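Quick look at model.cif (mmCIF, C-alpha atoms):
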data_input
loop_
_atom_site.label_atom_id
_atom_site.label_comp_id
_atom_site.auth_asym_id
_atom_site.auth_seq_id
_atom_site.Cartn_x
_atom_site.Cartn_y
_atom_site.Cartn_z
CA MET W 25 0.00 0.00 0.00
CA PHE W 26 1.29 3.43 -0.95
CA LYS W 27 1.31 6.00 1.85
CA ASN W 28 0.35 9.66 1.62
CA ILE W 29 2.50 12.77 2.01
CA PHE W 30 1.34 15.93 3.78
CA LEU W 31 2.09 19.50 2.76
CA ALA W 32 1.40 21.22 6.07
CA SER W 33 1.45 24.83 7.21
CA TYR W 34 -0.33 27.50 9.16
CA PRO W 35 -2.73 29.46 6.86
CA LYS W 36 -1.16 32.17 4.65
CA SER W 37 2.31 30.64 4.93
CA GLY W 38 2.96 29.53 1.36
CA ASN W 39 1.23 26.15 1.19
CA THR W 40 -0.25 26.94 -2.22
CA TRP W 41 3.16 27.96 -3.51
CA LEU W 42 4.56 24.67 -2.18
CA ARG W 43 1.78 22.76 -3.96
CA SER W 44 2.66 24.47 -7.23
CA ILE W 45 6.30 23.38 -6.87
CA ILE W 46 5.30 19.79 -6.18
CA LEU W 47 2.97 19.70 -9.19
CA SER W 48 5.54 21.36 -11.44
CA SER W 49 8.21 18.84 -10.44
CA LEU W 50 5.87 15.97 -11.34
CA GLN W 51 5.07 17.36 -14.82
CA GLN W 52 7.24 16.28 -17.72
CA ASN W 53 7.64 19.87 -18.96
CA ASN W 54 7.37 21.46 -15.49
CA ILE W 55 4.56 23.74 -16.71
CA ILE W 56 1.47 24.02 -14.51
CA ASN W 57 -1.85 25.83 -14.52
CA ILE W 58 -2.92 27.22 -11.14
CA LYS W 59 -6.32 25.60 -11.67
CA ASP W 60 -4.52 22.25 -11.35
CA LEU W 61 -3.62 23.06 -7.74
CA SER W 62 -6.95 21.50 -6.75
CA LYS W 63 -5.33 18.12 -7.50
CA ILE W 64 -3.63 18.43 -4.12
CA ARG W 65 -6.64 18.92 -1.89
CA LEU W 66 -7.28 19.15 1.82
CA LEU W 67 -7.53 15.89 3.70
CA SER W 68 -10.41 17.46 5.65
CA ASP W 69 -12.69 17.45 2.63
CA LYS W 70 -16.10 15.76 2.50
CA MET W 71 -15.12 14.27 -0.87
CA ASN W 72 -12.60 12.05 0.92
CA PHE W 73 -15.34 10.50 3.05
CA THR W 74 -17.75 9.46 0.30
CA SER W 75 -17.22 5.74 1.07
CA PHE W 76 -18.35 6.17 4.70
CA LYS W 77 -22.02 5.41 5.26
CA ASN W 78 -22.25 6.43 8.91
CA LYS W 79 -21.27 10.10 8.56
CA ILE W 80 -22.51 12.55 11.18
CA TYR W 81 -23.14 16.20 10.32
CA ASP W 82 -23.30 19.28 12.53
CA LYS W 83 -25.98 22.00 12.49
CA LYS W 84 -24.21 23.87 9.69
CA GLY W 85 -24.22 20.84 7.42
CA LEU W 86 -20.49 20.20 7.82
CA ILE W 87 -19.13 16.78 8.67
CA ASP W 88 -19.06 16.59 12.47
CA TYR W 89 -15.52 17.38 13.59
CA ASP W 90 -15.36 14.75 16.36
CA TRP W 91 -16.68 12.04 14.03
CA MET W 92 -14.24 13.03 11.30
CA SER W 93 -11.28 13.06 13.70
CA LYS W 94 -12.05 9.50 14.79
CA ASN W 95 -12.15 8.37 11.16
CA LEU W 96 -9.29 10.34 9.61
CA ILE W 97 -6.72 7.55 9.73
CA LEU W 98 -9.20 4.99 8.37
CA CYS W 99 -10.07 7.50 5.64
CA GLN W 100 -6.39 7.78 4.68
CA LYS W 101 -6.05 3.99 4.66
CA LYS W 102 -8.99 3.66 2.27
CA LEU W 103 -7.68 6.38 -0.03
CA ASN W 104 -4.15 4.94 -0.01
CA GLU W 105 -5.45 1.49 -0.95
CA LYS W 106 -7.14 2.91 -4.06
CA THR W 107 -4.04 4.59 -5.48
CA LYS W 108 -0.96 3.38 -7.29
CA TYR W 109 1.20 6.30 -6.23
CA ASN W 110 1.89 8.47 -3.19
CA PHE W 111 -1.06 10.79 -2.62
CA PHE W 112 -0.24 14.39 -1.59
CA PHE W 113 -2.58 16.19 0.80
CA LYS W 114 -2.67 19.81 1.90
CA THR W 115 -3.44 20.61 5.53
CA HIS W 116 -3.51 23.54 7.95
CA SER W 117 -4.48 21.30 10.85
CA VAL W 118 -2.59 20.76 14.05
CA ARG W 119 -1.36 17.18 14.12
CA HIS W 120 -3.45 15.71 16.92
CA LYS W 121 -2.96 12.03 17.75
CA SER W 122 -5.80 10.84 15.51
CA PHE W 123 -4.89 13.02 12.53
CA THR W 124 -2.35 10.69 10.92
CA ASN W 125 0.42 8.22 11.76
CA LYS W 126 3.15 6.16 10.15
CA THR W 127 0.79 3.35 9.11
CA VAL W 128 -0.75 5.63 6.44
CA ASN W 129 1.69 8.53 6.14
CA ALA W 130 5.11 8.39 4.42
CA GLY W 131 6.25 11.81 5.64
CA PHE W 132 5.52 15.52 5.42
CA ILE W 133 6.84 18.90 4.35
CA TYR W 134 6.01 21.84 6.62
CA ILE W 135 6.39 25.39 5.33
CA VAL W 136 6.89 28.07 7.99
CA ARG W 137 6.44 31.82 7.58
CA ASP W 138 7.25 34.78 9.83
CA PRO W 139 4.06 35.26 11.90
CA ARG W 140 4.39 39.04 11.63
CA ASP W 141 3.96 38.73 7.86
CA ILE W 142 1.16 36.19 8.27
CA VAL W 143 -0.77 38.79 10.28
CA VAL W 144 -0.58 41.27 7.39
CA SER W 145 -1.48 38.66 4.78
CA LEU W 146 -4.35 37.27 6.85
CA SER W 147 -5.78 40.73 7.44
CA ASN W 148 -5.76 41.51 3.72
CA PHE W 149 -7.17 38.14 2.72
CA THR W 150 -10.00 37.91 5.25
CA GLY W 151 -10.86 41.58 5.73
CA ILE W 152 -10.31 41.50 9.49
CA ASN W 153 -8.22 44.22 11.12
CA LEU W 154 -4.63 43.67 12.23
CA ASP W 155 -5.49 43.33 15.93
CA GLU W 156 -8.04 40.62 15.13
CA ALA W 157 -5.47 38.82 12.97
CA ILE W 158 -2.91 39.02 15.79
CA ASN W 159 -5.40 37.66 18.30
CA GLN W 160 -6.15 34.79 15.94
CA ILE W 161 -2.62 33.59 15.29
CA VAL W 162 -1.22 34.34 18.74
CA PHE W 163 -4.00 33.43 21.18
CA ASN W 164 -6.79 31.44 19.53
CA LYS W 165 -5.92 27.85 20.41
CA GLN W 166 -9.39 26.68 19.33
CA LEU W 167 -9.30 28.30 15.89
CA MET W 168 -11.22 26.23 13.35
CA THR W 169 -11.46 26.67 9.60
CA ASN W 170 -13.95 25.10 7.24
CA ALA W 171 -13.83 24.38 3.56
CA ASN W 172 -15.34 21.80 1.24
CA GLY W 173 -17.84 20.57 3.81
CA ALA W 174 -15.44 19.78 6.65
CA ARG W 175 -13.47 21.55 9.37
CA GLU W 176 -9.88 21.63 10.57
CA LEU W 177 -8.52 22.56 13.99
CA VAL W 178 -5.79 25.07 13.12
CA SER W 179 -5.11 26.40 16.63
CA ASN W 180 -2.54 29.21 16.96
CA TRP W 181 0.75 29.57 15.07
CA ASP W 182 2.89 28.33 17.95
CA LEU W 183 0.95 25.15 18.73
CA ASN W 184 0.41 24.31 15.08
CA ILE W 185 4.14 24.20 14.40
CA LYS W 186 4.96 22.40 17.65
CA SER W 187 2.46 19.64 16.90
CA TRP W 188 4.28 18.83 13.65
CA LEU W 189 7.76 19.21 15.13
CA GLU W 190 6.80 16.57 17.68
CA TYR W 191 5.78 14.12 14.94
CA LYS W 192 9.03 12.15 14.82
CA SER W 193 7.89 8.75 13.55
CA VAL W 194 8.05 9.67 9.84
CA PRO W 195 10.59 11.62 7.74
CA SER W 196 10.00 15.37 7.65
CA LEU W 197 11.28 18.50 5.96
CA PHE W 198 10.75 21.99 7.40
CA ILE W 199 11.31 24.89 5.03
CA ARG W 200 10.85 28.63 5.47
CA TYR W 201 8.75 30.77 3.15
CA GLU W 202 11.54 33.33 3.18
CA ASP W 203 14.09 30.77 1.95
CA LEU W 204 11.73 29.76 -0.84
CA LEU W 205 11.56 33.44 -1.75
CA PHE W 206 15.25 34.34 -1.59
CA LYS W 207 16.96 30.95 -2.03
CA SER W 208 14.46 29.44 -4.45
CA ASN W 209 16.63 26.96 -6.32
CA ASN W 210 18.35 25.62 -3.22
CA THR W 211 15.03 25.20 -1.39
CA ILE W 212 13.37 23.54 -4.39
CA LEU W 213 16.31 21.12 -4.56
CA LYS W 214 15.73 20.20 -0.90
CA ILE W 215 12.04 19.58 -1.59
CA ILE W 216 12.71 17.35 -4.60
CA THR W 217 15.48 15.43 -2.84
CA PHE W 218 13.15 14.79 0.10
CA ILE W 219 10.31 13.55 -2.15
CA ASN W 220 12.68 11.23 -4.02
CA ILE W 221 13.89 9.76 -0.73
CA ILE W 222 10.44 8.96 0.71
CA THR W 223 8.75 7.84 -2.53
CA ASN W 224 9.49 5.69 -5.54
CA LYS W 225 9.66 8.79 -7.74
CA ASN W 226 12.84 9.84 -9.48
CA ILE W 227 12.36 13.55 -10.10
CA LEU W 228 15.28 15.09 -11.93
CA ASN W 229 17.29 17.32 -9.61
CA ASN W 230 19.78 18.71 -12.10
CA LYS W 231 20.26 22.46 -12.46
CA LYS W 232 18.22 22.71 -15.66
CA ASN W 233 15.17 21.04 -14.11
CA ILE W 234 15.43 23.07 -10.92
CA ASP W 235 15.69 26.28 -12.95
CA GLU W 236 12.58 25.34 -14.94
CA ILE W 237 10.55 24.58 -11.82
CA ALA W 238 11.67 27.84 -10.19
CA LYS W 239 10.72 29.82 -13.31
CA ASN W 240 7.31 28.17 -13.73
CA THR W 241 6.37 28.61 -10.06
CA ASN W 242 7.79 32.08 -9.56
CA PHE W 243 5.33 34.21 -7.59
CA LYS W 244 4.98 36.69 -10.45
CA THR W 245 4.15 33.83 -12.83
CA LEU W 246 1.41 32.57 -10.51
CA GLN W 247 0.21 36.14 -9.99
CA PHE W 248 -0.03 36.63 -13.77
CA GLN W 249 -2.04 33.43 -14.16
CA GLU W 250 -4.49 34.56 -11.49
CA ALA W 251 -4.89 37.97 -13.15
CA LEU W 252 -5.51 36.28 -16.49
CA ASN W 253 -7.82 33.44 -15.49
CA GLY W 254 -8.79 34.00 -11.85
CA PHE W 255 -8.27 31.55 -9.00
CA ASP W 256 -11.06 29.95 -6.99
CA GLU W 257 -9.07 30.15 -3.74
CA ALA W 258 -9.05 33.96 -3.82
CA SER W 259 -11.34 35.84 -1.41
CA LYS W 260 -13.77 38.73 -1.89
CA HIS W 261 -11.25 40.93 -0.09
CA SER W 262 -8.07 40.09 -1.98
CA LYS W 263 -6.51 38.20 -4.83
CA PHE W 264 -4.82 35.03 -3.64
CA PHE W 265 -1.36 35.84 -4.99
CA ARG W 266 -1.37 39.36 -3.59
CA SER W 267 2.15 40.30 -2.55
CA GLY W 268 4.56 37.39 -2.21
CA THR W 269 7.05 39.42 -0.22
CA SER W 270 8.61 39.27 3.23
CA ASN W 271 9.11 41.89 5.94
CA GLN W 272 5.97 43.76 4.87
CA TRP W 273 5.11 43.87 8.58
CA LYS W 274 7.82 46.50 9.14
CA ASP W 275 5.74 49.09 7.28
CA VAL W 276 2.36 48.04 8.70
CA LEU W 277 2.54 46.92 12.33
CA THR W 278 2.97 49.24 15.30
CA ASN W 279 5.70 48.64 17.87
CA THR W 280 3.02 47.51 20.34
CA GLN W 281 1.70 44.93 17.88
CA ILE W 282 5.19 43.69 17.03
CA ASN W 283 6.12 43.32 20.69
CA LEU W 284 2.90 41.41 21.41
CA ILE W 285 3.64 38.89 18.66
CA GLU W 286 7.31 38.48 19.51
CA LYS W 287 6.70 38.14 23.25
CA ASN W 288 4.09 35.41 22.90
CA LEU W 289 5.63 33.48 20.00
CA LYS W 290 9.23 33.97 21.04
CA SER W 291 10.23 30.31 21.35
CA MET W 292 9.21 29.19 17.85
CA MET W 293 10.29 32.49 16.28
CA ARG W 294 13.77 31.96 17.68
CA TYR W 295 13.77 28.33 16.58
CA PHE W 296 13.24 29.42 12.97
CA ASN W 297 15.55 32.46 13.22
CA TYR W 298 12.90 35.17 12.93
CA ILE W 299 14.19 36.96 16.03
#

Could you show the structure in this file as structure tokens?
Amino acid sequence: MFKNIFLASYPKSGNTWLRSIILSSLQQNNIINIKDLSKIRLLSDKMNFTSFKNKIYDKKGLIDYDWMSKNLILCQKKLNEKTKYNFFFKTHSVRHKSFTNKTVNAGFIYIVRDPRDIVVSLSNFTGINLDEAINQIVFNKQLMTNANGARELVSNWDLNIKSWLEYKSVPSLFIRYEDLLFKSNNTILKIITFINIITNKNILNNKKNIDEIAKNTNFKTLQFQEALNGFDEASKHSKFFRSGTSNQWKDVLTNTQINLIEKNLKSMMRYFNYI
């Protein structure tokens, strides 16, 4: 049985960019269309539970979170048994004990982003103000998101990352959004090397192939595609590929807001060299 691979992150940290790189690396000509990003979908998606006959729904018509959590690993087992390759899944979920394990999961890539920049991106994308965005990523341990008929427990930035750092029973690769931005080729090489190690794939990792992937998944390229054809993951407040920069927080956040973030997320921010 083939096992799945997770592309994990806190929201607005570059997961979609990571998906584009994975898809590009798997294409013979490395060219992708952003509409194809739906091929790597959330695990917490009602579509993945179509074979279950005993589903429970909540008052909003979403799959009941407690029921789904109890059946997530069985769901992965069923999906893995149907495929003849390693299935990639996107997730923003904390990795609670019933989320996944080594019996169904081959490994994961986690993309981290400076939480000060996430605050700015989240505010623009959702339309909430900066203080609300800060409260969400710093303090809201019960934060839930919903999409495609199911929910995920995201929690706050700190606990989300810790939950995946503590998952030691499978191979893992942690990359930073900022390194993908400023050290693109080197970071893409790490991603491809990792995938080749944990799967039966043999993605070319020569300079020419890496250059092609970097070019075809450059933020400006993805931004151009969205402007031309739209992107169904955009919001009513903002295009999805809005900025693609780092350190935008320096021009937006007040000293009080910066200190609040750094004080409460200090441990993980230091771990990933943000402070």

To verify the selection step, state as a compact mmCIF listing (two decimals) with C-alpha atoms, keeping the file's coordinate frame which residues the PyMOL selection byres ((chain W and resi 163) around 12) yields on this input.
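Writing done, so here's selection12.txt:
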# COMPACT_ATOMS: atom_id res chain seq x y z
CA ASP W 155 -5.49 43.33 15.93
CA GLU W 156 -8.04 40.62 15.13
CA ALA W 157 -5.47 38.82 12.97
CA ILE W 158 -2.91 39.02 15.79
CA ASN W 159 -5.40 37.66 18.30
CA GLN W 160 -6.15 34.79 15.94
CA ILE W 161 -2.62 33.59 15.29
CA VAL W 162 -1.22 34.34 18.74
CA ASN W 164 -6.79 31.44 19.53
CA LYS W 165 -5.92 27.85 20.41
CA GLN W 166 -9.39 26.68 19.33
CA LEU W 167 -9.30 28.30 15.89
CA VAL W 178 -5.79 25.07 13.12
CA SER W 179 -5.11 26.40 16.63
CA ASN W 180 -2.54 29.21 16.96
CA TRP W 181 0.75 29.57 15.07
CA ASP W 182 2.89 28.33 17.95
CA LEU W 183 0.95 25.15 18.73
CA ASN W 184 0.41 24.31 15.08
CA LEU W 284 2.90 41.41 21.41
CA ILE W 285 3.64 38.89 18.66
CA LYS W 287 6.70 38.14 23.25
CA ASN W 288 4.09 35.41 22.90
CA LEU W 289 5.63 33.48 20.00

From the options W:Glu105, W:Asp69, W:Asp203, W:Asp82, which residue's atoms come nearest to Phe26 of chain W, counting all atoms listed in the file?
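Answer, going by the shortest atom-to-atom distance: W:Glu105.
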
Distance query segment 128-130 of chain W at most 12 Å, all atoms listed in the file, self and fewer than 5 positions along chain excluded, as an MDAnalysis selection string:
chainID W and resid 25:31 96:105 109:113 122:123 191:197 218:224

Kindly give the distance, in Å, that separates atom CA of Leu213 of chain W and atom CA of Ile234 of chain W, rounded to a single decimal.
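That distance, rounded to one decimal, is 6.7 Å.
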
Selection dump of the PyMOL selection byres ((chain W and resi 173) around 10), as a ChimeraX atom specification
/W:68-71,81,84-88,170-172,174-175

Explicit residues for the PyMOL selection byres ((chain W and resi 121) around 12) (as a VMD selection string)
chain W and resid 93 to 97 117 to 120 122 to 126 187 to 188 190 to 191

Given the selection you just returned, output its residues as a file containing C-alpha atoms, formatted as a compact mmCIF listing (two decimals), in the coordinates of the input.
# COMPACT_ATOMS: atom_id res chain seq x y z
CA SER W 93 -11.28 13.06 13.70
CA LYS W 94 -12.05 9.50 14.79
CA ASN W 95 -12.15 8.37 11.16
CA LEU W 96 -9.29 10.34 9.61
CA ILE W 97 -6.72 7.55 9.73
CA SER W 117 -4.48 21.30 10.85
CA VAL W 118 -2.59 20.76 14.05
CA ARG W 119 -1.36 17.18 14.12
CA HIS W 120 -3.45 15.71 16.92
CA SER W 122 -5.80 10.84 15.51
CA PHE W 123 -4.89 13.02 12.53
CA THR W 124 -2.35 10.69 10.92
CA ASN W 125 0.42 8.22 11.76
CA LYS W 126 3.15 6.16 10.15
CA SER W 187 2.46 19.64 16.90
CA TRP W 188 4.28 18.83 13.65
CA GLU W 190 6.80 16.57 17.68
CA TYR W 191 5.78 14.12 14.94

Residue nearest Ile216 of chain W among W:Ile133, W:Ile299, W:Val143, W:Ile58 (counting only C-alpha atoms):
W:Ile133

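Atom to atom, atom CA of Thr150 of chain W and atom CA of Pro35 of chain W stand 11.3 Å apart.
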
Minimum-distance residue to Tyr295 of chain W, chosen among W:Lys225, W:Lys77, W:Lys186, W:Lys59 (using all atoms listed in the file):
W:Lys186

Report the distance between atom CA of Asn242 of chain W and atom CA of Ile142 of chain W in Å, rounded to one decimal place.
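Distance between the two atoms: 19.5 Å.
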